[in-house]
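Asker: File protein-v9.cif below, mmCIF, C-alpha atoms, pLDDT in the B column; chains and numbers go by the auth columns:
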```
data_coords
#
loop_
_atom_site.group_PDB
_atom_site.id
_atom_site.type_symbol
_atom_site.label_atom_id
_atom_site.label_comp_id
_atom_site.label_asym_id
_atom_site.label_seq_id
_atom_site.Cartn_x
_atom_site.Cartn_y
_atom_site.Cartn_z
_atom_site.B_iso_or_equiv
_atom_site.auth_seq_id
_atom_site.auth_asym_id
ATOM 1 C CA MET A 1 -27.685 -19.468 24.578 62.00 1 A
ATOM 2 C CA PRO A 2 -26.770 -21.858 27.409 74.00 2 A
ATOM 3 C CA GLU A 3 -28.892 -24.913 28.107 85.00 3 A
ATOM 4 C CA ALA A 4 -30.884 -25.422 31.268 90.00 4 A
ATOM 5 C CA ILE A 5 -29.187 -27.720 33.786 92.00 5 A
ATOM 6 C CA THR A 6 -30.815 -30.358 35.988 93.00 6 A
ATOM 7 C CA THR A 7 -29.253 -31.389 39.297 94.00 7 A
ATOM 8 C CA LEU A 8 -29.747 -35.058 40.164 95.00 8 A
ATOM 9 C CA ARG A 9 -28.780 -36.443 43.593 94.00 9 A
ATOM 10 C CA ALA A 10 -27.065 -39.845 43.348 93.00 10 A
ATOM 11 C CA GLU A 11 -25.835 -40.832 46.807 91.00 11 A
ATOM 12 C CA LEU A 12 -25.605 -44.576 47.380 89.00 12 A
ATOM 13 C CA SER A 13 -28.048 -44.286 50.278 89.00 13 A
ATOM 14 C CA LEU A 14 -30.779 -43.191 47.843 90.00 14 A
ATOM 15 C CA PHE A 15 -30.765 -46.569 46.077 89.00 15 A
ATOM 16 C CA ASP A 16 -31.983 -49.955 47.293 88.00 16 A
ATOM 17 C CA ARG A 17 -28.611 -51.421 46.268 86.00 17 A
ATOM 18 C CA ALA A 18 -25.326 -49.630 45.561 86.00 18 A
ATOM 19 C CA GLU A 19 -25.020 -51.588 42.338 88.00 19 A
ATOM 20 C CA GLU A 20 -27.969 -49.590 40.941 91.00 20 A
ATOM 21 C CA ALA A 21 -25.941 -46.391 41.312 91.00 21 A
ATOM 22 C CA PHE A 22 -22.919 -48.054 39.676 90.00 22 A
ATOM 23 C CA ALA A 23 -25.015 -49.255 36.726 92.00 23 A
ATOM 24 C CA LEU A 24 -26.517 -45.786 36.279 94.00 24 A
ATOM 25 C CA LEU A 25 -23.049 -44.203 36.318 94.00 25 A
ATOM 26 C CA GLU A 26 -21.785 -46.758 33.777 93.00 26 A
ATOM 27 C CA THR A 27 -24.749 -45.950 31.542 95.00 27 A
ATOM 28 C CA PHE A 28 -24.081 -42.242 31.908 96.00 28 A
ATOM 29 C CA LEU A 29 -20.439 -42.710 30.896 95.00 29 A
ATOM 30 C CA GLU A 30 -21.547 -44.625 27.784 94.00 30 A
ATOM 31 C CA VAL A 31 -24.095 -41.976 26.768 95.00 31 A
ATOM 32 C CA ALA A 32 -21.964 -38.933 27.556 94.00 32 A
ATOM 33 C CA ARG A 33 -18.694 -40.340 26.155 93.00 33 A
ATOM 34 C CA PRO A 34 -18.513 -37.902 23.196 93.00 34 A
ATOM 35 C CA ARG A 35 -18.807 -34.951 25.610 92.00 35 A
ATOM 36 C CA ILE A 36 -16.481 -36.230 28.329 93.00 36 A
ATOM 37 C CA GLY A 37 -12.929 -34.957 28.518 90.00 37 A
ATOM 38 C CA SER A 38 -11.698 -36.835 31.569 90.00 38 A
ATOM 39 C CA VAL A 39 -12.764 -38.794 34.625 92.00 39 A
ATOM 40 C CA SER A 40 -10.723 -38.801 37.790 92.00 40 A
ATOM 41 C CA ILE A 41 -10.655 -39.831 41.427 91.00 41 A
ATOM 42 C CA ASP A 42 -8.532 -38.722 44.344 88.00 42 A
ATOM 43 C CA PRO A 43 -6.721 -41.955 45.278 86.00 43 A
ATOM 44 C CA ASP A 44 -5.956 -40.736 48.805 84.00 44 A
ATOM 45 C CA LEU A 45 -8.197 -42.024 51.597 82.00 45 A
ATOM 46 C CA LEU A 46 -10.088 -44.576 49.496 88.00 46 A
ATOM 47 C CA GLY A 47 -12.575 -46.600 51.516 86.00 47 A
ATOM 48 C CA LEU A 48 -15.429 -49.010 50.879 86.00 48 A
ATOM 49 C CA PRO A 49 -18.864 -47.504 51.452 85.00 49 A
ATOM 50 C CA ASP A 50 -21.128 -49.503 53.776 82.00 50 A
ATOM 51 C CA GLU A 51 -23.764 -49.693 51.024 82.00 51 A
ATOM 52 C CA MET A 52 -21.501 -51.645 48.657 78.00 52 A
ATOM 53 C CA THR A 53 -22.453 -55.327 48.662 76.00 53 A
ATOM 54 C CA ASP A 54 -21.725 -57.525 45.645 78.00 54 A
ATOM 55 C CA ASP A 55 -18.338 -56.154 44.614 81.00 55 A
ATOM 56 C CA ARG A 56 -16.759 -55.555 48.052 85.00 56 A
ATOM 57 C CA VAL A 57 -13.911 -58.062 47.692 88.00 57 A
ATOM 58 C CA VAL A 58 -13.013 -57.035 44.131 89.00 58 A
ATOM 59 C CA VAL A 59 -13.125 -53.310 44.895 88.00 59 A
ATOM 60 C CA GLN A 60 -11.086 -53.788 48.083 90.00 60 A
ATOM 61 C CA GLY A 61 -8.496 -55.468 45.864 91.00 61 A
ATOM 62 C CA LEU A 62 -8.446 -52.396 43.593 89.00 62 A
ATOM 63 C CA ILE A 63 -8.037 -50.103 46.602 90.00 63 A
ATOM 64 C CA ASP A 64 -5.206 -52.257 47.983 90.00 64 A
ATOM 65 C CA ALA A 65 -3.434 -52.228 44.602 89.00 65 A
ATOM 66 C CA ILE A 66 -3.628 -48.411 44.460 87.00 66 A
ATOM 67 C CA ARG A 67 -2.328 -48.121 48.034 84.00 67 A
ATOM 68 C CA ASN A 68 0.603 -50.421 47.180 85.00 68 A
ATOM 69 C CA GLU A 69 1.703 -48.376 44.168 77.00 69 A
ATOM 70 C CA PRO A 70 4.896 -46.393 44.700 77.00 70 A
ATOM 71 C CA LEU A 71 4.276 -42.733 45.483 71.00 71 A
ATOM 72 C CA ARG A 72 4.806 -40.420 42.533 70.00 72 A
ATOM 73 C CA LYS A 73 6.994 -37.388 43.016 70.00 73 A
ATOM 74 C CA ARG A 74 5.000 -34.221 42.643 66.00 74 A
ATOM 75 C CA PRO A 75 5.030 -30.687 43.989 62.00 75 A
ATOM 76 C CA PHE A 76 3.127 -30.375 47.277 62.00 76 A
ATOM 77 C CA TRP A 77 0.494 -28.131 45.655 61.00 77 A
ATOM 78 C CA ALA A 78 -0.255 -30.530 42.793 59.00 78 A
ATOM 79 C CA ALA A 79 -3.431 -32.603 42.835 63.00 79 A
ATOM 80 C CA THR A 80 -3.139 -36.348 43.307 73.00 80 A
ATOM 81 C CA ASP A 81 -5.969 -37.125 40.896 81.00 81 A
ATOM 82 C CA ARG A 82 -5.886 -40.432 39.077 84.00 82 A
ATOM 83 C CA GLU A 83 -7.480 -40.436 35.619 88.00 83 A
ATOM 84 C CA TYR A 84 -9.147 -43.379 33.876 90.00 84 A
ATOM 85 C CA ASP A 85 -9.402 -44.249 30.183 91.00 85 A
ATOM 86 C CA LEU A 86 -13.097 -44.552 29.339 90.00 86 A
ATOM 87 C CA ASP A 87 -12.314 -46.410 26.130 91.00 87 A
ATOM 88 C CA ASP A 88 -11.025 -49.315 28.261 91.00 88 A
ATOM 89 C CA GLU A 89 -13.992 -51.355 29.514 91.00 89 A
ATOM 90 C CA GLN A 90 -12.152 -52.577 32.633 92.00 90 A
ATOM 91 C CA ALA A 91 -10.996 -49.047 33.519 92.00 91 A
ATOM 92 C CA ARG A 92 -14.574 -47.808 33.136 91.00 92 A
ATOM 93 C CA TRP A 93 -15.840 -50.564 35.479 91.00 93 A
ATOM 94 C CA ASP A 94 -13.093 -49.754 37.999 92.00 94 A
ATOM 95 C CA TYR A 95 -13.914 -46.038 37.855 92.00 95 A
ATOM 96 C CA THR A 96 -17.636 -46.498 38.511 91.00 96 A
ATOM 97 C CA ARG A 97 -16.887 -48.425 41.720 90.00 97 A
ATOM 98 C CA LEU A 98 -13.896 -46.411 42.919 92.00 98 A
ATOM 99 C CA ALA A 99 -15.659 -43.082 42.342 93.00 99 A
ATOM 100 C CA TYR A 100 -18.001 -43.875 45.229 91.00 100 A
ATOM 101 C CA CYS A 101 -15.007 -44.965 47.372 91.00 101 A
ATOM 102 C CA SER A 102 -13.134 -41.696 46.884 91.00 102 A
ATOM 103 C CA ILE A 103 -13.265 -38.422 48.788 89.00 103 A
ATOM 104 C CA ARG A 104 -13.337 -36.659 45.413 90.00 104 A
ATOM 105 C CA ALA A 105 -14.291 -37.991 41.981 92.00 105 A
ATOM 106 C CA ALA A 106 -15.387 -36.095 38.893 91.00 106 A
ATOM 107 C CA VAL A 107 -16.513 -36.500 35.300 93.00 107 A
ATOM 108 C CA TRP A 108 -15.403 -33.455 33.311 89.00 108 A
ATOM 109 C CA SER A 109 -16.488 -32.062 29.960 87.00 109 A
ATOM 110 C CA GLU A 110 -14.139 -31.458 27.046 85.00 110 A
ATOM 111 C CA PRO A 111 -12.689 -28.843 27.483 79.00 111 A
ATOM 112 C CA ARG A 112 -12.480 -29.158 31.258 73.00 112 A
ATOM 113 C CA THR A 113 -14.984 -26.402 32.044 77.00 113 A
ATOM 114 C CA THR A 114 -18.042 -28.315 33.244 83.00 114 A
ATOM 115 C CA THR A 115 -18.470 -31.058 35.815 88.00 115 A
ATOM 116 C CA TYR A 116 -21.168 -33.571 34.829 92.00 116 A
ATOM 117 C CA PHE A 117 -20.815 -35.856 37.856 93.00 117 A
ATOM 118 C CA GLU A 118 -19.078 -35.540 41.197 93.00 118 A
ATOM 119 C CA VAL A 119 -18.644 -37.508 44.402 93.00 119 A
ATOM 120 C CA ALA A 120 -17.509 -35.621 47.499 90.00 120 A
ATOM 121 C CA ASP A 121 -16.421 -37.172 50.796 84.00 121 A
ATOM 122 C CA GLN A 122 -17.775 -40.611 49.783 81.00 122 A
ATOM 123 C CA THR A 123 -21.249 -39.481 50.831 78.00 123 A
ATOM 124 C CA SER A 124 -22.470 -36.854 48.384 86.00 124 A
ATOM 125 C CA ALA A 125 -22.918 -37.664 44.689 92.00 125 A
ATOM 126 C CA THR A 126 -24.471 -35.364 42.103 93.00 126 A
ATOM 127 C CA TYR A 127 -25.088 -35.205 38.359 94.00 127 A
ATOM 128 C CA TRP A 128 -25.390 -31.788 36.641 93.00 128 A
ATOM 129 C CA LEU A 129 -26.877 -32.444 33.226 93.00 129 A
ATOM 130 C CA PRO A 130 -27.779 -30.133 30.364 93.00 130 A
ATOM 131 C CA ASP A 131 -31.281 -30.901 29.075 93.00 131 A
ATOM 132 C CA THR A 132 -30.105 -32.599 25.867 94.00 132 A
ATOM 133 C CA LEU A 133 -27.733 -34.904 27.758 94.00 133 A
ATOM 134 C CA LYS A 134 -30.381 -35.645 30.403 95.00 134 A
ATOM 135 C CA THR A 135 -32.821 -36.699 27.664 95.00 135 A
ATOM 136 C CA GLN A 136 -30.224 -39.017 26.085 96.00 136 A
ATOM 137 C CA TYR A 137 -29.347 -40.458 29.499 96.00 137 A
ATOM 138 C CA PHE A 138 -32.960 -41.128 30.461 96.00 138 A
ATOM 139 C CA ASP A 139 -33.606 -42.710 27.039 96.00 139 A
ATOM 140 C CA ALA A 140 -30.632 -45.055 27.569 96.00 140 A
ATOM 141 C CA ILE A 141 -31.884 -46.023 31.037 96.00 141 A
ATOM 142 C CA ASP A 142 -35.348 -46.725 29.576 95.00 142 A
ATOM 143 C CA ALA A 143 -33.846 -48.763 26.731 96.00 143 A
ATOM 144 C CA LYS A 144 -32.166 -51.037 29.286 94.00 144 A
ATOM 145 C CA GLY A 145 -35.539 -51.583 30.969 91.00 145 A
ATOM 146 C CA TRP A 146 -34.487 -49.908 34.204 92.00 146 A
ATOM 147 C CA ALA A 147 -36.525 -47.504 36.288 90.00 147 A
ATOM 148 C CA ILE A 148 -35.417 -43.893 36.458 92.00 148 A
ATOM 149 C CA PRO A 149 -35.369 -42.742 40.091 93.00 149 A
ATOM 150 C CA GLU A 150 -38.622 -40.925 40.840 92.00 150 A
ATOM 151 C CA ASP A 151 -36.967 -37.779 42.204 94.00 151 A
ATOM 152 C CA TRP A 152 -34.886 -37.533 39.007 95.00 152 A
ATOM 153 C CA LEU A 153 -38.063 -37.401 36.917 94.00 153 A
ATOM 154 C CA THR A 154 -39.416 -34.475 38.928 94.00 154 A
ATOM 155 C CA ALA A 155 -36.133 -32.533 39.244 93.00 155 A
ATOM 156 C CA PRO A 156 -36.534 -29.067 37.693 92.00 156 A
ATOM 157 C CA SER A 157 -34.189 -27.686 35.052 92.00 157 A
ATOM 158 C CA LYS A 158 -32.666 -24.284 35.763 91.00 158 A
ATOM 159 C CA MET A 159 -30.762 -21.838 33.637 85.00 159 A
ATOM 160 C CA PRO A 160 -27.200 -21.404 34.904 77.00 160 A
ATOM 161 C CA LYS A 161 -26.348 -18.053 36.465 74.00 161 A
ATOM 162 C CA PRO A 162 -23.746 -15.899 34.745 72.00 162 A
ATOM 163 C CA TRP A 163 -20.324 -16.362 36.328 63.00 163 A
ATOM 164 C CA TRP A 164 -20.402 -12.936 37.985 69.00 164 A
ATOM 165 C CA ARG A 165 -23.612 -13.812 39.873 67.00 165 A
ATOM 166 C CA ARG A 166 -22.355 -17.098 41.281 60.00 166 A
ATOM 167 C CA PHE A 167 -20.496 -15.503 44.165 59.00 167 A
#
```
Go ahead and render the structure in this file as structure tokens.
Answerer:
Amino acid sequence: MPEAITTLRAELSLFDRAEEAFALLETFLEVARPRIGSVSIDPDLLGLPDEMTDDRVVVQGLIDAIRNEPLRKRPFWAATDREYDLDDEQARWDYTRLAYCSIRAAVWSEPRTTTYFEVADQTSATYWLPDTLKTQYFDAIDAKGWAIPEDWLTAPSKMPKPWWRRF
């Protein structure tokens, strides 16, 4: 039987400071690590969000380094996604900042069938969490002494529709 899923909005504009969203994403990556298959961003059209404050210079340096990398040969239909190694602390830090700078970023399950987190067009960010993972995530946020966003606490869980009813 599938688990109920909760949708949590996580746009930078919903937080007092962008760094709160980054810290929550870092915490999520720590908690969900055993379930995560891959994390990726689309390196094309990276840009700093207006909400980013503390890390602007460092993240701009990351963006510039990606832009200066030689272009990889690939078929025109192939995705340009750039994956990050979550076991590397620096790569994890880079990912949490660059995800919000990308037009497309995702945290995938293992196997790659479920998206747990996604940023689209640098403006929309969403978590889709099964109830057990949401409980672990909220417990980790509490353990760090941070406040869980109020609208996350009241977000309802819903059973996923069968694939044939999603269209």
Asker: Applied to the shown file, which residues does the PyMOL selection byres ((chain A and resi 97) around 9) return, written as a list in words?
Answerer: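 In the shown coordinates, the PyMOL selection byres ((chain A and resi 97) around 9) covers Glu19, Phe22, Met52, Asp55, Val59, Arg92, Trp93, Asp94, Tyr95, Thr96, Leu98, Ala99, Tyr100 and Cys101 of chain A.
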Asker: Once the PyMOL selection byres ((chain A and resi 146) around 12) has been applied to the shown file, what residues remain in the selection, as a list in words?
Answerer: Glu20, Ala21, Ala23, Leu24, Thr27, Tyr137, Phe138, Asp139, Ala140, Ile141, Asp142, Ala143, Lys144, Gly145, Ala147, Ile148, Pro149 and Glu150 of chain A
Asker: Can you tell me, as number ranges by chain, what residues are no more than 6 Å from segment 1-16 of chain A when counting all atoms listed in the file, ignoring any on the same chain fewer than 6 positions away?
Answerer: A: 124-131, 152, 157-159
Asker: Rounded to one decimal place, report the atom CA of Ser40 of chain A-atom CA of Glu26 of chain A distance in Å.
Answerer: 14.2 Å
Asker: Please measure the separation of atom CA of Asp88 of chain A and atom CA of Pro49 of chain A, giving the value in Å to one decimal.
Answerer: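 Spanning atom CA of Asp88 of chain A to atom CA of Pro49 of chain A is a straight-line distance of 24.5 Å.
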Asker: Atom CA of Pro162 of chain A to atom CA of Arg112 of chain A: how many Å, to one decimal?
Answerer: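 Computed distance, atom CA of Pro162 of chain A to atom CA of Arg112 of chain A, equals 17.7 Å.
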Asker: Using all atoms listed in the file, which residues sit within 9 Å of Thr80 of chain A once same-chain residues fewer than 3 positions away are excluded, as a PyMOL selection string?
Answerer: chain A and resi 41-44+72+74
Asker: Hey, what's within 10 Å of Arg17 of chain A if we count all atoms listed in the file and toss same-chain stuff fewer than 6 positions away? As a list of chain:residue names, please?
Answerer: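 So, after excluding close chain neighbours, the residues are A:Glu51, A:Met52, A:Thr53, A:Asp54.
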Asker: What would the file look like if the residues just selected were written as a short mmCIF file (atom, residue, chain, number, x, y, z; two decimals), in the frame of the given file with C-alpha atoms?
Answerer:
```cif
data_model
loop_
_atom_site.label_atom_id
_atom_site.label_comp_id
_atom_site.auth_asym_id
_atom_site.auth_seq_id
_atom_site.Cartn_x
_atom_site.Cartn_y
_atom_site.Cartn_z
CA GLU A 51 -23.76 -49.69 51.02
CA MET A 52 -21.50 -51.64 48.66
CA THR A 53 -22.45 -55.33 48.66
CA ASP A 54 -21.72 -57.52 45.64
#
```
Asker: Which one is closest to Glu89 of chain A: A:Leu46, A:Leu29, A:Val107, A:Val57? Count all atoms listed in the file.
Answerer: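 Among the listed residues, the smallest separation from Glu89 of chain A belongs to A:Leu29.
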Asker: Using all atoms listed in the file, can you tell me which of A:Gln60, A:Thr115, A:Thr135, A:Gln90 comes closest to Ser38 of chain A?
Answerer: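 Smallest separation from Ser38 of chain A among the options: A:Thr115.
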Asker: With distances taken over only C-alpha atoms, which residue among A:Asp50, A:Tyr116, A:Val39, A:Leu62 lies nearest Arg82 of chain A?
Answerer: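 That would be A:Val39, the residue with the smallest distance to Arg82 of chain A.
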Asker: Name all residues at most 9 Å from Arg33 of chain A (count only C-alpha atoms; drop same-chain ones fewer than 5 positions away) and give them as a PyMOL selection string.
Answerer: chain A and resi 28+86-87
Asker: Find the spatial neighbours of Leu45 of chain A, counting only C-alpha atoms, within a cut-off of 10 Å - ignore same-chain residues fewer than 3 positions away - and output them as a ChimeraX atom specification.
Answerer: /A:42,63,67,101-104,121-122
Asker: Report the centre and edge lengths, in Å to one decimal, of an axis-aligned box enclosing every atom of segment 134-147 of chain A listed in the file, padded by 6 Å on each side, as AutoDock Vina command-line options.
Answerer:
```
--center_x -32.9 --center_y -43.6 --center_z 31.2 --size_x 19.2 --size_y 27.9 --size_z 22.2
```
Asker: Pick from A:Pro34, A:Leu71, A:Val58, A:Thr132: nearest to Glu110 of chain A, with only C-alpha atoms counted?
Answerer: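 Selected residue with least distance to Glu110 of chain A: A:Pro34.
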Asker: What would the selection look like, as a list in words, if the PyMOL selection byres ((chain A and resi 109) around 6) were run on the coordinates I just shared?
Answerer: Arg35, Ile36, Gly37, Trp108, Glu110, Pro111, Arg112 and Thr114 of chain A
